[in-house]
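Coordinates as given in data-v8.cif (mmCIF, C-alpha atoms):
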```cif
data_input
#
loop_
_atom_site.label_atom_id
_atom_site.label_comp_id
_atom_site.auth_asym_id
_atom_site.auth_seq_id
_atom_site.Cartn_x
_atom_site.Cartn_y
_atom_site.Cartn_z
CA ASP A 1 16.60 -11.58 -5.67
CA ALA A 2 13.58 -10.60 -7.75
CA GLY A 3 11.06 -8.37 -6.12
CA VAL A 4 7.34 -8.46 -6.80
CA THR A 5 6.61 -8.63 -10.52
CA GLN A 6 3.32 -7.84 -12.20
CA SER A 7 2.08 -8.28 -15.73
CA PRO A 8 1.01 -6.69 -17.92
CA THR A 9 2.14 -3.15 -17.07
CA HIS A 10 -0.67 -1.52 -19.03
CA LEU A 11 -3.99 -2.80 -20.31
CA ILE A 12 -6.89 -1.25 -22.21
CA LYS A 13 -10.29 -2.93 -22.13
CA THR A 14 -13.86 -1.99 -22.97
CA ARG A 15 -16.88 -2.08 -20.71
CA GLY A 16 -18.28 -5.54 -20.12
CA GLN A 17 -15.04 -7.33 -20.89
CA GLN A 18 -13.08 -9.49 -18.48
CA VAL A 19 -9.46 -9.05 -17.45
CA THR A 20 -6.79 -11.15 -15.72
CA LEU A 21 -3.81 -9.59 -13.99
CA ARG A 22 -0.83 -11.59 -12.78
CA CYS A 23 1.60 -11.31 -9.91
CA SER A 24 4.72 -13.14 -8.75
CA PRO A 25 5.64 -12.50 -5.14
CA LYS A 26 9.04 -11.63 -3.80
CA SER A 27 11.23 -14.68 -3.35
CA GLY A 28 10.51 -16.33 0.00
CA HIS A 29 7.10 -14.72 0.43
CA ASP A 30 3.95 -16.81 0.71
CA THR A 31 1.14 -14.24 0.89
CA VAL A 32 -0.20 -12.06 -1.89
CA SER A 33 -2.51 -9.06 -1.49
CA TRP A 34 -4.19 -7.05 -4.21
CA TYR A 35 -4.97 -3.34 -4.04
CA GLN A 36 -6.81 -0.93 -6.31
CA GLN A 37 -5.45 2.59 -6.52
CA ALA A 38 -7.67 5.11 -8.25
CA LEU A 39 -6.13 8.34 -9.51
CA GLY A 40 -5.26 10.64 -6.63
CA GLN A 41 -6.25 8.10 -3.98
CA GLY A 42 -4.51 5.71 -1.65
CA PRO A 43 -4.56 1.97 -2.36
CA GLN A 44 -7.77 0.17 -1.42
CA PHE A 45 -7.57 -3.43 -0.21
CA ILE A 46 -9.26 -5.95 -2.52
CA PHE A 47 -8.27 -9.30 -1.00
CA GLN A 48 -5.40 -11.38 0.30
CA TYR A 49 -4.39 -14.95 -0.55
CA TYR A 50 -2.47 -17.37 1.65
CA GLU A 51 -2.11 -21.12 1.13
CA GLU A 52 -4.12 -20.82 -2.07
CA GLU A 53 -7.16 -19.50 -0.22
CA GLU A 54 -8.67 -16.07 0.18
CA ARG A 55 -7.79 -15.04 3.73
CA GLN A 56 -9.39 -11.61 3.83
CA ARG A 57 -11.50 -9.50 1.53
CA GLY A 58 -12.18 -5.79 1.29
CA ASN A 59 -15.37 -4.06 0.14
CA PHE A 60 -15.26 -5.12 -3.49
CA PRO A 61 -18.04 -6.87 -5.44
CA ASP A 62 -17.93 -10.49 -6.50
CA ARG A 63 -16.88 -9.36 -9.98
CA PHE A 64 -13.42 -9.25 -8.43
CA SER A 65 -12.02 -12.71 -7.88
CA GLY A 66 -8.60 -14.18 -7.45
CA HIS A 67 -6.48 -17.24 -7.25
CA GLN A 68 -3.19 -18.27 -5.75
CA PHE A 69 -1.12 -21.06 -7.22
CA PRO A 70 1.11 -23.60 -5.43
CA ASN A 71 4.18 -21.51 -6.36
CA TYR A 72 2.55 -18.56 -4.50
CA SER A 73 1.94 -16.53 -7.65
CA SER A 74 -1.49 -15.02 -7.99
CA GLU A 75 -4.07 -13.77 -10.45
CA LEU A 76 -6.71 -11.08 -10.10
CA ASN A 77 -9.77 -11.46 -12.33
CA VAL A 78 -12.32 -8.75 -12.93
CA ASN A 79 -15.53 -9.59 -14.81
CA ALA A 80 -18.05 -7.28 -16.48
CA LEU A 81 -15.69 -4.33 -16.42
CA LEU A 82 -17.07 -0.89 -15.59
CA LEU A 83 -15.58 2.49 -16.38
CA GLY A 84 -14.99 2.92 -12.65
CA ASP A 85 -12.66 -0.07 -12.62
CA SER A 86 -10.02 2.05 -14.35
CA ALA A 87 -7.16 2.24 -11.86
CA LEU A 88 -3.68 1.09 -10.98
CA TYR A 89 -3.83 -2.44 -9.60
CA LEU A 90 -1.07 -3.20 -7.16
CA CYS A 91 0.07 -6.57 -5.96
CA ALA A 92 1.94 -6.86 -2.68
CA SER A 93 3.61 -9.83 -1.08
CA SER A 94 4.48 -10.60 2.50
CA LEU A 95 5.52 -13.47 4.71
CA VAL A 96 3.20 -15.02 7.25
CA GLY A 97 5.09 -15.31 10.50
CA ASP A 98 6.81 -11.99 10.03
CA SER A 99 4.94 -10.22 12.81
CA ARG A 100 5.52 -6.90 11.14
CA GLU A 101 3.71 -8.15 7.99
CA LYS A 102 5.66 -5.75 5.84
CA LEU A 103 4.24 -5.44 2.36
CA PHE A 104 6.45 -5.31 -0.70
CA PHE A 105 4.73 -3.88 -3.74
CA GLY A 106 5.06 -4.44 -7.45
CA SER A 107 4.96 -1.55 -9.91
CA GLY A 108 1.35 -2.26 -10.74
CA THR A 109 -0.86 -2.80 -13.77
CA GLN A 110 -2.52 0.31 -15.15
CA LEU A 111 -5.99 -0.72 -16.34
CA SER A 112 -8.00 1.61 -18.54
CA VAL A 113 -11.64 0.74 -19.25
CA LEU A 114 -13.16 2.58 -22.23
CA GLY B 1 -14.91 3.09 11.18
CA GLU B 2 -11.58 2.87 9.47
CA ASP B 3 -10.15 6.06 8.12
CA VAL B 4 -6.64 7.37 7.66
CA GLU B 5 -6.30 11.04 6.85
CA GLN B 6 -3.40 13.05 5.48
CA SER B 7 -2.93 16.55 4.14
CA LEU B 8 -2.75 16.56 0.35
CA PHE B 9 0.28 18.70 -0.41
CA LEU B 10 3.55 19.84 1.14
CA SER B 11 6.20 22.02 -0.44
CA VAL B 12 9.66 22.54 1.09
CA ARG B 13 13.02 23.90 0.02
CA GLU B 14 15.96 21.58 -0.53
CA GLY B 15 17.91 21.13 2.69
CA ASP B 16 14.96 21.96 4.95
CA SER B 17 13.09 19.40 7.05
CA SER B 18 9.75 18.02 5.90
CA VAL B 19 7.03 16.89 8.28
CA ILE B 20 4.17 14.81 6.93
CA ASN B 21 1.23 14.19 9.23
CA CYS B 22 -1.35 11.45 9.44
CA THR B 23 -4.29 10.65 11.69
CA TYR B 24 -5.82 7.21 12.03
CA THR B 25 -8.84 5.81 13.80
CA ASP B 26 -8.28 2.10 14.39
CA SER B 27 -6.84 1.78 17.87
CA SER B 28 -6.27 -1.95 17.41
CA SER B 29 -3.58 -1.39 14.80
CA THR B 30 -0.38 -3.12 15.74
CA TYR B 31 1.96 -1.48 13.25
CA LEU B 32 1.89 1.81 11.39
CA TYR B 33 3.82 2.31 8.20
CA TRP B 34 5.11 4.97 5.85
CA TYR B 35 5.35 4.23 2.14
CA LYS B 36 6.75 6.31 -0.71
CA GLN B 37 5.38 6.26 -4.26
CA GLU B 38 7.25 7.79 -7.16
CA PRO B 39 5.55 8.46 -10.51
CA GLY B 40 4.66 5.26 -12.36
CA ALA B 41 5.89 3.04 -9.58
CA GLY B 42 4.51 0.90 -6.80
CA LEU B 43 4.81 1.71 -3.13
CA GLN B 44 8.16 1.45 -1.39
CA LEU B 45 8.25 0.76 2.34
CA LEU B 46 10.21 3.51 4.08
CA THR B 47 9.79 2.70 7.73
CA TYR B 48 7.33 1.39 10.29
CA ILE B 49 6.66 1.75 13.98
CA PHE B 50 5.20 -0.65 16.50
CA SER B 51 2.16 0.77 18.25
CA ASN B 52 3.76 0.67 21.71
CA MET B 53 6.61 2.94 20.61
CA ASP B 54 6.64 6.75 20.64
CA MET B 55 9.47 7.38 18.24
CA LYS B 56 11.67 5.62 15.74
CA GLN B 57 14.64 7.07 13.93
CA ASP B 58 16.14 5.62 10.77
CA GLN B 59 18.87 7.75 9.17
CA ARG B 60 17.12 10.88 7.83
CA LEU B 61 13.68 9.62 8.81
CA THR B 62 12.04 10.12 12.19
CA VAL B 63 8.61 8.69 12.97
CA LEU B 64 6.62 10.06 15.90
CA LEU B 65 3.52 8.33 17.23
CA ASN B 66 1.00 9.92 19.56
CA LYS B 67 -1.27 7.03 20.39
CA LYS B 68 -3.62 9.07 22.55
CA ASP B 69 -4.40 11.44 19.66
CA LYS B 70 -3.97 8.69 17.01
CA HIS B 71 -1.47 10.93 15.24
CA LEU B 72 1.52 9.76 13.25
CA SER B 73 4.17 11.92 11.64
CA LEU B 74 7.14 11.41 9.36
CA ARG B 75 10.01 13.87 9.50
CA ILE B 76 12.55 13.88 6.69
CA ALA B 77 15.73 15.72 7.58
CA ASP B 78 17.79 17.54 4.93
CA THR B 79 15.13 17.00 2.28
CA GLN B 80 16.49 16.39 -1.21
CA THR B 81 14.90 16.74 -4.66
CA GLY B 82 14.89 12.93 -4.87
CA ASP B 83 12.48 12.90 -1.94
CA SER B 84 9.77 14.43 -4.13
CA ALA B 85 7.04 11.79 -4.23
CA ILE B 86 3.72 10.85 -2.68
CA TYR B 87 3.92 9.58 0.89
CA PHE B 88 1.30 7.25 2.31
CA CYS B 89 0.77 6.32 5.91
CA ALA B 90 -0.92 3.00 6.58
CA GLU B 91 -2.18 1.04 9.53
CA MET B 92 -2.35 -2.71 9.73
CA ASP B 93 -5.14 -4.39 11.67
CA SER B 94 -3.48 -7.42 13.22
CA GLY B 95 -6.85 -9.20 13.40
CA THR B 96 -7.68 -8.98 9.71
CA TYR B 97 -4.19 -8.47 8.19
CA LYS B 98 -5.76 -5.62 6.25
CA TYR B 99 -3.80 -2.48 5.52
CA ILE B 100 -5.68 0.82 5.48
CA PHE B 101 -3.87 3.51 3.52
CA GLY B 102 -4.25 7.25 3.72
CA THR B 103 -4.95 9.34 0.64
CA GLY B 104 -1.30 10.33 0.37
CA THR B 105 0.67 13.57 0.75
CA ARG B 106 2.40 14.90 -2.33
CA LEU B 107 5.78 16.29 -1.30
CA LYS B 108 7.42 18.76 -3.65
CA VAL B 109 11.03 19.73 -2.96
CA LEU B 110 12.14 23.02 -4.46
CA ALA B 111 15.79 23.41 -5.47
#
```
For this file, produce the structure as structure tokens.
Amino acid sequence: DAGVTQSPTHLIKTRGQQVTLRCSPKSGHDTVSWYQQALGQGPQFIFQYYEEEERQRGNFPDRFSGHQFPNYSSELNVNALLLGDSALYLCASSLVGDSREKLFFGSGTQLSVL
Amino acid sequence: GEDVEQSLFLSVREGDSSVINCTYTDSSSTYLYWYKQEPGAGLQLLTYIFSNMDMKQDQRLTVLLNKKDKHLSLRIADTQTGDSAIYFCAEMDSGTYKYIFGTGTRLKVLA
């Protein structure tokens, strides 16, 4: 039973570029959430996708967008990268209907913006 | 406002008990969680507690919840060097499905 998988594991970009990060949820899960974790901080909620739609969004600008595919996998896109976007981006999956809404996390994508 | 606070560091000797504390502000949270993060890894769910419970025990882990003071704690009995990691508490708002994480407590276990 594969857990949550993310790709790539590391990425280096320059300011102004665009980046796409990918996530496959844990088998049986239908909801994907994305978090940004800056160095020394806790994860910050970016948004959550369920049934291919954005269900909730945190306090992130429109430069951050996402998508969920029919197979429940998801992408996070960030446009016009800023130095401050350098962080670990974590994907987490869960199952709607599990009242405890436990999140299972991937190992993350470390994004460095130069 | 939403805010989850934790102390930054904790150092204990191997075999002792560790207690990691957390305060939260959102009284509508249904569940509260403890996650562990090892270097270079994602977050691993350790345990969770429903907001109408006071205590939950799971092997070496004991979670205490004081709802009046909005205080959550995680006790690790017989702490081992493998327990060295960053521990995050988190609350989940059942209305928005949004998790709010604390800043994390770095636990260092001395042999």
Determine which residues of chain A sit within 12 Å of chain B, taking into account only C-alpha atoms, and present them as an MDAnalysis selection string.
chainID A and resid 3:6 9:10 31:50 54:59 88:110
For the file shown, what are the residues hit by the PyMOL selection byres ((chain A and resi 62-74) around 8), laid out as JSON, numbers by chain?
{"A": [22, 23, 24, 25, 29, 30, 31, 32, 46, 49, 50, 51, 52, 53, 54, 60, 61, 75, 76, 77, 78, 79, 80]}
Spell out the residues picked by the PyMOL selection byres ((chain B and resi 6) around 6) here, as JSON, numbers by chain.
{"B": [5, 7, 22]}
Translate the PyMOL selection byres ((chain B and resi 60) around 8), as applied to the file shown, into an explicit residue set as a PyMOL selection string.
chain B and resi 57-59+61-62+75-78
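Put simply, CA of Asp54 in chain B is 22.1 Å away from CA of Gly95 in chain B.
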Calculated over only C-alpha atoms, which of the candidates B:Thr79, B:Ser84, B:Asn52, B:Asn66 has the smallest distance to Ser18 in chain B?
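That would be B:Thr79, the residue with the smallest distance to Ser18 in chain B.
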Among listed residues B:Lys56, B:Lys68, B:Val109, B:Asp3, nearest Thr25 in chain B (using all atoms listed in the file):
B:Asp3
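Counting from CA of Glu38 in chain B, the distance to CA of Thr81 in chain B is 12.0 Å.
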Size and centre in Å, one decimal, axis-aligned box, all listed range 53-63 of chain A atoms plus 4 Å per side, as AutoDock Vina command-line options:
```
--center_x -12.6 --center_y -11.8 --center_z -3.1 --size_x 18.9 --size_y 23.4 --size_z 21.8
```
How far is it from CA of Arg13 in chain B to CA of Ser73 in chain B, in Å with one decimal?
18.9 Å
Calculated over only C-alpha atoms, which of the candidates B:Leu107, B:Leu10, B:Leu46, B:Ala85 has the smallest distance to Val63 in chain B?
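Of all the options, B:Leu46 lies closest to Val63 in chain B.
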